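*Asks:* Structure file upload25.cif (mmCIF, C-alpha atoms and all ligand atoms) right here:
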data_input
loop_
_atom_site.label_atom_id
_atom_site.label_comp_id
_atom_site.auth_asym_id
_atom_site.auth_seq_id
_atom_site.Cartn_x
_atom_site.Cartn_y
_atom_site.Cartn_z
CA MET A 293 59.74 -35.02 76.22
CA ALA A 294 59.05 -38.75 76.53
CA ALA A 295 61.89 -41.11 75.70
CA ARG A 296 61.78 -42.01 72.00
CA GLY A 297 59.64 -45.08 71.64
CA CYS A 298 57.84 -46.86 74.40
CA PRO A 299 55.58 -49.85 74.67
CA VAL A 300 51.81 -49.98 74.91
CA ILE A 301 50.53 -52.60 77.31
CA LEU A 302 46.92 -53.69 77.68
CA GLU A 303 46.26 -55.56 80.91
CA ARG A 304 43.09 -57.62 81.09
CA LEU A 305 41.12 -54.95 79.30
CA SER A 306 37.34 -55.15 79.08
CA PHE A 307 34.95 -52.65 77.53
CA GLY A 308 31.31 -52.30 76.50
CA TYR A 309 29.32 -49.37 75.10
CA GLY A 310 26.21 -50.41 76.99
CA ARG A 311 25.53 -53.16 79.42
CA GLY A 312 27.11 -55.99 77.43
CA ARG A 313 30.82 -56.49 76.94
CA LEU A 314 32.24 -55.87 73.49
CA LEU A 315 35.83 -56.61 74.50
CA GLU A 316 36.65 -59.11 77.21
CA ASP A 317 39.91 -59.65 79.04
CA ILE A 318 42.30 -58.46 76.35
CA SER A 319 45.97 -58.55 77.27
CA LEU A 320 48.71 -57.70 74.82
CA SER A 321 51.76 -55.54 74.51
CA VAL A 322 53.08 -53.63 71.54
CA ARG A 323 56.82 -53.18 71.66
CA ARG A 324 58.75 -50.17 70.50
CA GLY A 325 60.03 -50.80 67.01
CA GLU A 326 57.12 -53.05 66.20
CA VAL A 327 54.18 -52.84 63.80
CA LEU A 328 51.21 -54.80 65.12
CA ALA A 329 48.27 -55.35 62.77
CA LEU A 330 44.87 -55.64 64.38
CA VAL A 331 42.58 -57.84 62.31
CA GLY A 332 39.11 -59.24 62.80
CA PRO A 333 35.61 -59.23 61.34
CA ASN A 334 33.49 -56.09 60.95
CA GLY A 335 32.15 -55.02 64.32
CA SER A 336 34.62 -57.15 66.31
CA GLY A 337 35.90 -54.10 68.19
CA LYS A 338 39.15 -53.17 66.41
CA SER A 339 38.41 -49.42 66.24
CA THR A 340 37.13 -49.56 69.79
CA LEU A 341 40.39 -51.13 70.94
CA LEU A 342 42.38 -48.41 69.16
CA ARG A 343 40.23 -45.76 70.83
CA LEU A 344 40.93 -47.38 74.20
CA MET A 345 44.66 -47.28 73.40
CA ALA A 346 44.27 -43.63 72.39
CA GLY A 347 42.64 -42.77 75.71
CA LEU A 348 39.39 -41.70 74.03
CA LEU A 349 37.45 -44.45 75.83
CA GLN A 350 37.93 -45.79 79.33
CA PRO A 351 37.96 -49.53 80.03
CA VAL A 352 35.37 -50.96 82.41
CA ALA A 353 38.04 -53.32 83.72
CA GLY A 354 41.78 -53.64 83.27
CA ARG A 355 44.11 -50.88 82.23
CA VAL A 356 46.21 -49.39 79.46
CA LEU A 357 49.85 -48.57 80.14
CA ILE A 358 51.57 -46.06 77.88
CA CYS A 359 55.33 -45.92 78.42
CA GLY A 360 54.77 -47.64 81.76
CA GLU A 361 52.25 -45.03 82.94
CA ASN A 362 48.65 -45.83 83.69
CA ALA A 363 46.82 -44.15 80.81
CA ALA A 364 43.87 -43.20 83.03
CA ARG A 365 46.17 -40.77 84.86
CA LEU A 366 47.50 -39.01 81.77
CA SER A 367 45.96 -35.65 80.84
CA ARG A 368 44.52 -35.34 77.32
CA ARG A 369 47.43 -33.15 76.35
CA ALA A 370 50.08 -35.50 77.75
CA TYR A 371 48.32 -38.34 75.96
CA ALA A 372 48.25 -36.49 72.65
CA ARG A 373 51.99 -35.83 72.87
CA ARG A 374 52.66 -39.52 73.17
CA VAL A 375 49.95 -41.19 71.14
CA ALA A 376 48.77 -40.16 67.67
CA LEU A 377 45.63 -41.71 66.19
CA LEU A 378 44.53 -41.74 62.57
CA SER A 379 40.85 -42.46 63.08
CA GLN A 380 38.29 -43.57 60.52
CA GLN A 381 36.17 -40.46 60.97
CA GLY A 382 37.39 -37.17 59.56
CA GLY A 383 36.29 -34.73 62.23
CA ALA A 384 38.09 -31.74 60.69
CA PRO A 385 36.20 -28.64 59.53
CA GLY A 386 35.67 -29.19 55.81
CA ALA A 387 36.86 -25.86 54.47
CA ILE A 388 40.21 -25.99 56.26
CA ARG A 389 43.27 -26.00 54.03
CA VAL A 390 45.56 -29.02 54.01
CA ARG A 391 48.52 -27.18 55.55
CA ASP A 392 46.30 -25.93 58.41
CA LEU A 393 44.85 -29.40 59.01
CA VAL A 394 48.34 -30.88 59.20
CA ALA A 395 49.43 -28.06 61.52
CA MET A 396 46.61 -29.05 63.91
CA GLY A 397 48.67 -32.18 64.61
CA ARG A 398 51.14 -29.93 66.45
CA PHE A 399 48.59 -28.36 68.83
CA PRO A 400 49.41 -30.74 71.73
CA HIS A 401 53.00 -29.48 71.56
CA GLN A 402 52.09 -25.78 71.67
CA GLY A 403 51.05 -23.32 74.37
CA TRP A 404 47.64 -21.69 74.67
CA LEU A 405 48.48 -19.14 71.98
CA ARG A 406 49.31 -21.99 69.61
CA ARG A 407 52.36 -20.26 68.27
CA ALA A 408 54.17 -22.63 65.93
CA SER A 409 57.89 -23.07 66.64
CA ALA A 410 60.52 -23.82 64.02
CA ALA A 411 60.32 -27.47 65.14
CA ASP A 412 56.53 -27.44 64.61
CA ARG A 413 56.92 -26.01 61.13
CA ALA A 414 59.60 -28.56 60.27
CA ALA A 415 57.42 -31.43 61.53
CA VAL A 416 54.49 -30.21 59.43
CA ALA A 417 56.62 -29.86 56.29
CA GLN A 418 58.17 -33.30 56.81
CA ALA A 419 54.78 -34.93 57.44
CA MET A 420 53.35 -33.37 54.26
CA GLU A 421 56.32 -34.73 52.29
CA ASP A 422 55.98 -38.17 53.88
CA ALA A 423 52.25 -38.40 53.15
CA GLU A 424 52.72 -36.86 49.69
CA VAL A 425 50.39 -33.93 50.22
CA ALA A 426 52.89 -31.06 49.90
CA ALA A 427 51.50 -30.23 46.45
CA LEU A 428 48.01 -30.01 47.97
CA ALA A 429 49.00 -27.70 50.86
CA GLY A 430 46.77 -24.81 49.79
CA ARG A 431 43.71 -26.88 48.89
CA PRO A 432 40.60 -26.91 51.12
CA VAL A 433 40.20 -30.43 52.51
CA ASN A 434 36.59 -30.63 51.31
CA THR A 435 37.72 -30.32 47.68
CA LEU A 436 40.06 -33.32 47.85
CA SER A 437 39.45 -36.83 46.54
CA GLY A 438 38.95 -39.60 49.09
CA GLY A 439 42.56 -40.79 48.84
CA GLN A 440 43.98 -37.25 48.94
CA ALA A 441 41.93 -36.47 52.07
CA GLN A 442 43.08 -39.71 53.69
CA ARG A 443 46.71 -38.77 53.01
CA ALA A 444 46.14 -35.28 54.43
CA ARG A 445 44.78 -36.83 57.64
CA MET A 446 47.75 -39.21 57.73
CA ALA A 447 50.04 -36.18 57.43
CA MET A 448 48.29 -34.58 60.42
CA THR A 449 48.81 -37.78 62.42
CA LEU A 450 52.48 -37.99 61.44
CA ALA A 451 52.98 -34.32 62.34
CA GLN A 452 51.65 -35.05 65.82
CA GLY A 453 54.63 -37.36 66.38
CA GLY A 454 54.90 -39.11 69.73
CA ASP A 455 55.93 -42.61 70.66
CA VAL A 456 52.84 -44.53 69.67
CA LEU A 457 51.19 -44.42 66.24
CA LEU A 458 47.67 -45.85 65.94
CA LEU A 459 46.25 -46.22 62.43
CA ASP A 460 42.64 -47.21 61.85
CA GLU A 461 42.27 -48.69 58.36
CA PRO A 462 44.93 -46.29 57.05
CA THR A 463 44.89 -47.62 53.49
CA THR A 464 41.20 -46.81 52.96
CA TYR A 465 40.74 -44.94 49.65
CA LEU A 466 44.42 -45.26 48.75
CA ASP A 467 45.68 -46.55 45.42
CA LEU A 468 48.31 -49.27 45.46
CA ARG A 469 51.30 -46.93 45.36
CA HIS A 470 49.99 -44.92 48.27
CA GLN A 471 49.07 -48.08 50.22
CA PHE A 472 52.67 -49.24 49.93
CA GLY A 473 53.94 -45.73 50.68
CA LEU A 474 51.81 -45.28 53.77
CA LEU A 475 52.61 -48.67 55.25
CA GLY A 476 56.27 -48.18 54.39
CA ARG A 477 56.09 -44.93 56.37
CA ALA A 478 54.49 -46.82 59.27
CA ARG A 479 57.39 -49.30 59.17
CA ARG A 480 59.87 -46.43 59.24
CA ALA A 481 58.04 -44.99 62.27
CA ALA A 482 58.62 -48.34 63.96
CA ALA A 483 62.26 -48.37 62.88
CA GLU A 484 62.58 -44.94 64.52
CA GLY A 485 61.51 -46.64 67.76
CA ARG A 486 57.75 -46.09 67.86
CA ALA A 487 55.14 -48.69 68.64
CA VAL A 488 52.73 -48.86 65.70
CA VAL A 489 49.29 -50.48 65.69
CA ALA A 490 47.31 -50.60 62.43
CA VAL A 491 43.83 -51.96 61.85
CA LEU A 492 44.02 -53.71 58.50
CA HIS A 493 41.52 -55.77 56.55
CA ASP A 494 44.00 -56.76 53.85
CA PHE A 495 45.92 -59.85 54.94
CA SER A 496 48.53 -59.57 52.24
CA LEU A 497 49.43 -56.06 53.44
CA ALA A 498 49.24 -57.16 57.09
CA SER A 499 51.53 -60.12 56.46
CA LEU A 500 54.00 -57.94 54.53
CA TYR A 501 54.16 -54.89 56.76
CA ALA A 502 53.37 -56.09 60.30
CA ASP A 503 55.68 -57.97 62.63
CA ARG A 504 52.72 -59.61 64.33
CA LEU A 505 48.98 -59.86 63.86
CA ALA A 506 46.45 -59.73 66.70
CA VAL A 507 43.17 -61.40 65.75
CA LEU A 508 39.99 -60.20 67.45
CA HIS A 509 37.03 -62.53 67.51
CA GLU A 510 33.85 -62.33 69.56
CA GLY A 511 35.32 -59.85 71.98
CA ARG A 512 38.47 -61.81 72.68
CA LEU A 513 41.95 -62.12 71.35
CA ASP A 514 41.81 -65.23 69.19
CA GLY A 515 45.53 -65.25 68.52
CA ILE A 516 48.60 -63.06 68.32
CA GLY A 517 51.85 -63.73 66.51
CA PRO A 518 53.60 -63.56 63.15
CA ALA A 519 51.24 -63.88 60.18
CA ALA A 520 52.64 -67.30 59.28
CA GLN A 521 51.56 -68.55 62.71
CA VAL A 522 48.14 -66.98 63.15
CA LEU A 523 46.83 -67.04 59.58
CA ASP A 524 45.72 -70.44 58.46
CA ALA A 525 42.61 -71.88 56.84
CA ALA A 526 41.20 -73.00 60.19
CA ALA A 527 41.52 -69.50 61.70
CA LEU A 528 39.89 -67.89 58.66
CA ALA A 529 37.00 -70.36 58.92
CA ARG A 530 36.61 -69.90 62.68
CA VAL A 531 37.01 -66.12 62.83
CA PHE A 532 35.69 -64.92 59.48
CA GLY A 533 33.41 -67.80 58.55
CA VAL A 534 35.05 -68.23 55.16
CA SER A 535 36.36 -71.24 53.38
CA ALA A 536 39.67 -70.09 51.96
CA ARG A 537 43.08 -71.38 51.09
CA LEU A 538 46.21 -69.36 51.56
CA LEU A 539 48.70 -68.60 48.81
CA ARG A 540 52.16 -67.66 50.00
CA ASP A 541 54.91 -65.68 48.37
CA GLY A 542 57.82 -65.08 50.73
CA PRO A 543 56.34 -63.43 53.81
CA ALA A 544 53.15 -62.42 51.98
CA ILE A 545 49.97 -64.40 52.50
CA PHE A 546 46.98 -64.11 50.17
CA PRO A 547 43.67 -65.74 51.08
CA VAL A 548 41.63 -66.88 48.10
CA PRO A 549 38.15 -68.38 48.30
CA ARG A 550 37.83 -72.10 47.88
CA ASP A 551 35.37 -72.78 45.11
N1 LIG B 601 29.78 -45.09 70.03
C1 LIG B 601 29.23 -46.31 70.00
N2 LIG B 601 28.12 -46.58 70.72
C2 LIG B 601 27.56 -47.81 70.71
N3 LIG B 601 28.05 -48.85 70.00
C3 LIG B 601 29.16 -48.63 69.27
C4 LIG B 601 29.81 -47.36 69.22
N4 LIG B 601 30.89 -47.46 68.42
C5 LIG B 601 30.91 -48.73 67.97
N5 LIG B 601 29.86 -49.44 68.49
C6 LIG B 601 29.58 -50.86 68.22
O1 LIG B 601 30.66 -51.63 68.74
C7 LIG B 601 30.93 -52.71 67.86
C8 LIG B 601 32.40 -52.67 67.46
O2 LIG B 601 32.60 -51.53 66.66
P1 LIG B 601 34.06 -51.19 66.10
O3 LIG B 601 33.94 -49.96 65.27
O4 LIG B 601 35.03 -51.18 67.21
O5 LIG B 601 34.34 -52.48 65.19
P2 LIG B 601 35.46 -52.76 64.11
O6 LIG B 601 36.03 -54.11 64.41
O7 LIG B 601 36.42 -51.64 64.01
O8 LIG B 601 34.58 -52.86 62.78
P3 LIG B 601 34.84 -52.56 61.22
O9 LIG B 601 35.77 -53.64 60.70
O10 LIG B 601 33.49 -52.67 60.62
O11 LIG B 601 35.43 -51.16 61.10
C9 LIG B 601 29.98 -52.61 66.69
O12 LIG B 601 28.88 -53.48 66.94
C10 LIG B 601 29.51 -51.17 66.75
O13 LIG B 601 28.20 -51.04 66.26
#
Please, can you express the file's structure as structure tokens?
Ligand SMILES: Nc1ncnc2c1ncn2[C@@H]1O[C@H](COP(=O)(O)OP(=O)(O)OP(=O)(O)O)[C@@H](O)[C@H]1O
*Replies:*
Amino acid sequence: MAARGCPVILERLSFGYGRGRLLEDISLSVRRGEVLALVGPNGSGKSTLLRLMAGLLQPVAGRVLICGENAARLSRRAYARRVALLSQQGGAPGAIRVRDLVAMGRFPHQGWLRRASAADRAAVAQAMEDAEVAALAGRPVNTLSGGQAQRARMAMTLAQGGDVLLLDEPTTYLDLRHQFGLLGRARRAAAEGRAVVAVLHDFSLASLYADRLAVLHEGRLDGIGPAAQVLDAAALARVFGVSARLLRDGPAIFPVPRD
């Protein structure tokens, strides 16, 4: 098993879906024990960057290092043991029950016969508790509300375990209590030694729950650092094209439109 917690390093990463480049020369590292929030306008490439970190896409230049290993050389299975991704798309068969969906998170840890060990069963039970879906265990996923389904998919991602947790807009559909709960769980994953990257559109949540923010803009990293450093009115105007002022309450930052 990989050592608990390891960094993710992107070295001069570039990527495009077609001929053009969507992401250009991105270098950053995510430390173990850290929550990094990835922010940026719609279409700026945040999900794409997560998919590159998850090994689902290959860079056209540069490389991804997971725990010091070149990601391009890791098998899918080795990757999935180290890196868990909560993606925006569902992808699970609709009629599957919640407990079976969550159990799918353990597949990378099992042999061809997919026999669940006691450790697998414990990880599934713990993940369902953590994502507050234990009471929904027997429900088919396609009968759940949007927020319940999102929590079930989060439970699957938590059950997968590994050293790196990638969360693409994890608070989508969640009410306030579950937003706080989910991001609190992400913080605990970091405290356990994982590297956590979360795409977030909500700056107040990003400033409260992330150690640093990485701002994507026009294919490049516009800035990276603590929220208090990277979030200011000039950055919001440059990157998001909005005129806003920032209200602060402790570490939390709330952009409000200027009238
Ligand atoms: N499979 C694909 N094939 C071609 N283009 C794609 C594909 N996936 C995404 N794109 C394009 O790449 C760009 C970046 O998409 P991506 O989903 O990474 O952005 P994002 O920053 O996560 O956006 P959002 O905030 O809207 O979720 C968009 O213009 C999108 O249309």
*Asks:* Using 9 Å as the limit and counting all atoms listed in the file, can you tabulate each residue of chain A that touches ligand LIG 601 (chain B), with its shortest atom-to-atom distance in Å and the two atoms involved, as a tab-separated table?
*Replies:*
residue	atom	partner	partner_atom	distance
A:Gly308	CA	B:LIG601	O1	7.8
A:Tyr309	CA	B:LIG601	C2	5.0
A:Gly310	CA	B:LIG601	C2	6.9
A:Leu314	CA	B:LIG601	O1	6.6
A:Leu315	CA	B:LIG601	C8	8.8
A:Leu330	CA	B:LIG601	O6	9.0
A:Val331	CA	B:LIG601	O6	7.8
A:Gly332	CA	B:LIG601	O6	6.2
A:Pro333	CA	B:LIG601	O9	5.6
A:Asn334	CA	B:LIG601	O9	3.4
A:Gly335	CA	B:LIG601	O5	3.5
A:Ser336	CA	B:LIG601	O6	3.9
A:Gly337	CA	B:LIG601	O4	3.2
A:Lys338	CA	B:LIG601	O6	3.8
A:Ser339	CA	B:LIG601	O7	3.7
A:Thr340	CA	B:LIG601	O4	3.7
A:Leu341	CA	B:LIG601	O4	6.5
A:Leu342	CA	B:LIG601	O4	8.1
A:Arg343	CA	B:LIG601	O4	8.3
A:Gln380	CA	B:LIG601	O11	8.1
A:Asp460	CA	B:LIG601	O7	7.9
A:Glu461	CA	B:LIG601	O11	7.8
A:Val491	CA	B:LIG601	O7	7.7
A:Leu492	CA	B:LIG601	O9	8.5
A:His493	CA	B:LIG601	O9	7.4
A:Leu508	CA	B:LIG601	O6	7.9
A:Gly511	CA	B:LIG601	C8	9.0
*Asks:* A:Ala426, A:Ala502, A:Ala417, A:Ile318: which is nearest Ile545 of chain A, counting only C-alpha atoms?
*Replies:*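 So, comparing all the options, the nearest one is A:Ala502.
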*Asks:* Near Leu500 of chain A, counting all atoms listed in the file, which residues have an atom at most 12 Å away, once you skip same-chain residues fewer than 3 positions from it, shown as a list in words?
*Replies:*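 In the requested format, the answer is Val327, Leu328, Ala329, Gln471, Phe472, Leu475, Gly476, Arg479, Leu492, Asp494, Phe495, Ser496, Leu497, Asp503, Arg504, Leu505, Pro518, Ala519, Ala520, Arg540, Asp541, Gly542, Pro543, Ala544, Ile545 and Phe546 of chain A.
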*Asks:* Quick one: pull the distance between atom CA of Leu457 of chain A and atom CA of Ala427 of chain A, Å, one decimal.
*Replies:*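 Calculated distance between atom CA of Leu457 of chain A and atom CA of Ala427 of chain A is 24.4 Å.
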*Asks:* For Gly453 of chain A, please output as a PyMOL selection string all residues within 8 Å (counting only C-alpha atoms; exclusion window: fewer than 6 positions along the same chain).
*Replies:* chain A and resi 373-376
*Asks:* What's the separation between atom CA of Ala490 of chain A and atom CA of Leu459 of chain A, in Å to one decimal place?
*Replies:*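 So the two atoms, atom CA of Ala490 of chain A and atom CA of Leu459 of chain A, lie 4.5 Å apart.
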*Asks:* Nearest to Ala482 of chain A among A:Ala451, A:Cys359, A:Val456, A:Ala353, with distances taken over all atoms listed in the file: which residue is it?
*Replies:*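 Closest candidate: A:Val456.
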*Asks:* In terms of the shortest atom-to-atom distance over only C-alpha atoms, which of A:Val390, A:Val300, A:Leu405, A:Val522 is closest to Gly347 of chain A?
*Replies:* A:Val300
*Asks:* Which value, in Å to one decimal, gives the distance between atom CA of Arg323 of chain A and atom CA of Ala487 of chain A?
*Replies:* 5.7 Å
*Asks:* For segment 467-483 of chain A, take all atoms listed in the file, fit an axis-aligned box around them, add 5 Å to each of the six sides, then output centre and edge lengths in Å rounded to one decimal, as JSON.
*Replies:*
{"center_x": 54.0, "center_y": -47.1, "center_z": 54.7, "size_x": 26.6, "size_y": 14.4, "size_z": 28.6}
*Asks:* Out of A:Ala408, A:Ala414, A:Val394, A:Leu474, which residue has the shortest atom-to-atom distance to Ala444 of chain A when counting all atoms listed in the file?
*Replies:*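 Using all atoms listed in the file, the shortest distance to Ala444 of chain A belongs to A:Val394.
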*Asks:* List as a list in words the protein and nucleic acid residues near Arg550 of chain A, meaning an atom at most 8 Å away when only C-alpha atoms are counted, but skip any in the same chain fewer than 4 places from it.
*Replies:*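 Residues near the query, excluding close chain neighbours: Ser535, Ala536 and Arg537 of chain A.
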*Asks:* May I have the residues within 12 Å of Gln402 of chain A as a compact mmCIF listing (two decimals) with C-alpha atoms, in the frame of the given file, using all atoms listed in the file and disregarding those fewer than 4 positions away in the same chain?
*Replies:*
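For reference, result-v4.txt as written:
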# COMPACT_ATOMS: atom_id res chain seq x y z
CA ARG A 369 47.43 -33.15 76.35
CA ALA A 370 50.08 -35.50 77.75
CA ALA A 372 48.25 -36.49 72.65
CA ARG A 373 51.99 -35.83 72.87
CA ALA A 395 49.43 -28.06 61.52
CA MET A 396 46.61 -29.05 63.91
CA GLY A 397 48.67 -32.18 64.61
CA ARG A 398 51.14 -29.93 66.45
CA ARG A 406 49.31 -21.99 69.61
CA ARG A 407 52.36 -20.26 68.27
CA ALA A 408 54.17 -22.63 65.93
CA SER A 409 57.89 -23.07 66.64
CA ALA A 410 60.52 -23.82 64.02
CA ALA A 411 60.32 -27.47 65.14
CA ASP A 412 56.53 -27.44 64.61
CA ARG A 413 56.92 -26.01 61.13
CA GLN A 452 51.65 -35.05 65.82
*Asks:* Select, from A:Ala415, A:Asn434, A:Pro547, A:Ala506, the residue with the minimum atom-to-atom distance to Ala526 of chain A, counting all atoms listed in the file.
*Replies:* A:Pro547
*Asks:* Nearest residue to Ala481 of chain A out of A:Leu528, A:Ile388, A:Leu450, A:Ala441, using only C-alpha atoms?
*Replies:*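 Going through A:Leu528, A:Ile388, A:Leu450, A:Ala441 one by one, the smallest distance to Ala481 of chain A is for A:Leu450.
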*Asks:* Hey, what's within 9 Å of Ala423 of chain A if we count only C-alpha atoms and toss same-chain stuff fewer than 3 positions away? As a count of residues only, please?
*Replies:* 14
